[in-house]
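Peer 1: Mind looking over this structure? Questions follow.
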Amino acid sequence: MGRDPQLDALRAIAVTMVMYSHFFAAGGSSFWGHIGVRLFFVLSGFLITRLLLEARAAAEFEASPALKSFYVRRALRIFPPYFAVLGFVWLVDLEQSRGSLAWHALYLSNFWFALRNEWTPWVLAHLWSLSIEEQFYIVWPLIVLLAPRRRLGSICIGVILLSLSYRFYWPVTGAPSLARDLLPPASMDALAAGALLAVHRTGTAQLPRWLRLGWPAFAAAFFVLQWFIPTPANSVQEWGRWLLLEVLPLAPLVAVVASCSPGLGGYRGRLAELPPLLALGRVSYGVYLYHPVVLSLAVKSQPWIPVNVSEQGPGRFLVAGTATVIVASVSWLLFERPLNSLKRYFPYVAPGAGAAVRASGGSSDAGWLAAGAYPPISPRISLDGRKSALARDLQRTDRN
């Protein structure tokens, strides 16, 4: 099985939503960025789980080597650009960020922002979602590779229910805060929904009928609630509205991933495989990781830039967005891809009987975006101031 190109297209769409929210949207609206975040996490849960299940199904599978390979391969993919960003931020003390770098280096960004209950420093606010991903990567492979295979679907459902139950703490405590969105349980519903899709896909060919037919209704209800129903003044009603806005997108996003994974046909498939879209999807991790840093540097360079990049709008989107894509592309070609090639030395299943292991093309760049609260990039920043058949199927190296 080759790399799923249309999933790269979904990554491109998701990261474009993020850049739109941070660079263009009036008032720094997080609406589209929130949807992009949810899409990234559904993708991540699906692709990581599918990858691990394929390795587990190989005749040569052994849990301990597979776990070791998973962690090493994830480190090769994720750590180098991540710590390069932290190193740059430390070197120049960008937006006075040095005081929090230890938390970010330990992938505890979500706890840092939750404990402070504010997005400071803003230039590293997007790293909370990468922390959620890393926490997911530590635990989830142990479950997928070691738990009884027949129990995985039930485990995914249980995680989704746990995540939904966690959200009820707000009306009980009466204290809304970033912890509501940033602590790990708040993001597990999207990750587990993607994982459940992967578990389902290994057993049956089609989605449940209610999901295939009902996801447009969920999407319509979400947009109506977001755009036409005002935020209630009553805190309990506001909590109910927020809960629905978190849950309703899950069914449409799972349906989109389910459709694009085997590949859409016709004109939709051709659109989803346009070369610029696929190229952006391949570098989407870098785009997300670098874009707040690029924005900060662009704003500081405003005196030398002929368009307005200090406020949300087309100038910021054009300049900061283009610069971000260039930086991410150079990073991928000269830095990330060479390191990624080392993954061939860490197969999930020891080669034997003609079988070697690939990492799924979906072991995601998307492994870096969570659901829930969406960190605002300041909309106005002064110049002072993200069995053997299956083993054979694993032969390609994941570029993401």
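Residues in the structure tokens are numbered from 1 in each chain, the chains being A, B, ... in the order shown, and ligands are numbered from 1 in the order shown.
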Env of Gln135 of chain A: 10 Å cut, atoms = only C-alpha atoms, seq-sep filter 5 positions within chain, self excluded. Answer as a list in words.

Peer 2: Tyr107, Leu108, Ser129, Leu130, Trp140 and Pro184 of chain A

Peer 1: Considering only alpha helix (DSSP H) as DSSP defines it on the backbone, what residues of segment 5-71 of chain A qualify? List them as a short mmCIF file (atom, residue, chain, number, x, y, z; two decimals) with C-alpha atoms, in the first residue's frame.

Peer 2:
data_model
loop_
_atom_site.label_atom_id
_atom_site.label_comp_id
_atom_site.auth_asym_id
_atom_site.auth_seq_id
_atom_site.Cartn_x
_atom_site.Cartn_y
_atom_site.Cartn_z
CA PRO A 5 -1.78 11.25 -0.86
CA GLN A 6 -5.21 12.62 -0.04
CA LEU A 7 -4.36 12.63 3.64
CA ASP A 8 -1.53 15.01 2.80
CA ALA A 9 -4.19 17.20 1.23
CA LEU A 10 -6.13 17.14 4.50
CA ARG A 11 -2.99 18.19 6.35
CA ALA A 12 -2.55 21.06 3.93
CA ILE A 13 -6.14 22.19 4.46
CA ALA A 14 -5.81 21.91 8.23
CA VAL A 15 -2.58 23.93 8.44
CA THR A 16 -4.02 26.56 6.09
CA MET A 17 -6.93 26.94 8.52
CA VAL A 18 -4.41 27.50 11.31
CA MET A 19 -2.50 30.15 9.36
CA TYR A 20 -5.73 31.84 8.34
CA SER A 21 -6.80 32.14 11.99
CA HIS A 22 -3.44 33.49 13.10
CA PHE A 23 -2.61 35.71 10.14
CA PHE A 31 -12.99 29.31 14.41
CA TRP A 32 -11.16 27.83 11.42
CA GLY A 33 -8.04 27.16 13.45
CA HIS A 34 -10.13 25.15 15.88
CA ILE A 35 -11.47 23.01 13.04
CA GLY A 36 -7.96 22.53 11.69
CA VAL A 37 -6.79 21.41 15.11
CA ARG A 38 -9.61 18.88 15.41
CA LEU A 39 -8.83 17.52 11.95
CA PHE A 40 -5.16 17.11 12.77
CA PHE A 41 -5.93 15.07 15.84
CA VAL A 42 -8.41 12.78 14.15
CA LEU A 43 -5.77 12.22 11.46
CA SER A 44 -3.11 11.52 14.03
CA GLY A 45 -5.18 9.02 16.00
CA PHE A 46 -6.16 7.21 12.80
CA LEU A 47 -2.72 7.03 11.22
CA ILE A 48 -0.73 6.10 14.29
CA THR A 49 -3.21 3.39 15.25
CA ARG A 50 -3.33 1.98 11.73
CA LEU A 51 0.45 1.89 11.59
CA LEU A 52 0.69 0.00 14.86
CA LEU A 53 -2.05 -2.45 13.93
CA GLU A 54 -0.33 -3.22 10.64
CA ALA A 55 2.92 -3.94 12.48
CA ARG A 56 1.06 -6.10 15.00
CA ALA A 57 -0.56 -8.14 12.23
CA ALA A 63 6.05 -6.15 20.91
CA SER A 64 9.31 -4.97 22.48
CA PRO A 65 11.24 -4.26 19.24
CA ALA A 66 8.15 -2.68 17.69
CA LEU A 67 7.76 -0.29 20.64
CA LYS A 68 11.43 0.63 20.54
CA SER A 69 11.25 1.32 16.81
CA PHE A 70 8.11 3.40 17.22
CA TYR A 71 9.66 5.68 19.82
#

Peer 1: Which one of A:Arg150, A:Arg282, A:His126, A:Arg344 sits closest to Val199 of chain A if you count only C-alpha atoms?

Peer 2: A:Arg150

Peer 1: When you count only C-alpha atoms, which of these residues is closest to Tyr137 of chain A: A:Leu318, A:Trp215, A:Glu118, A:Arg73?

Peer 2: A:Arg73
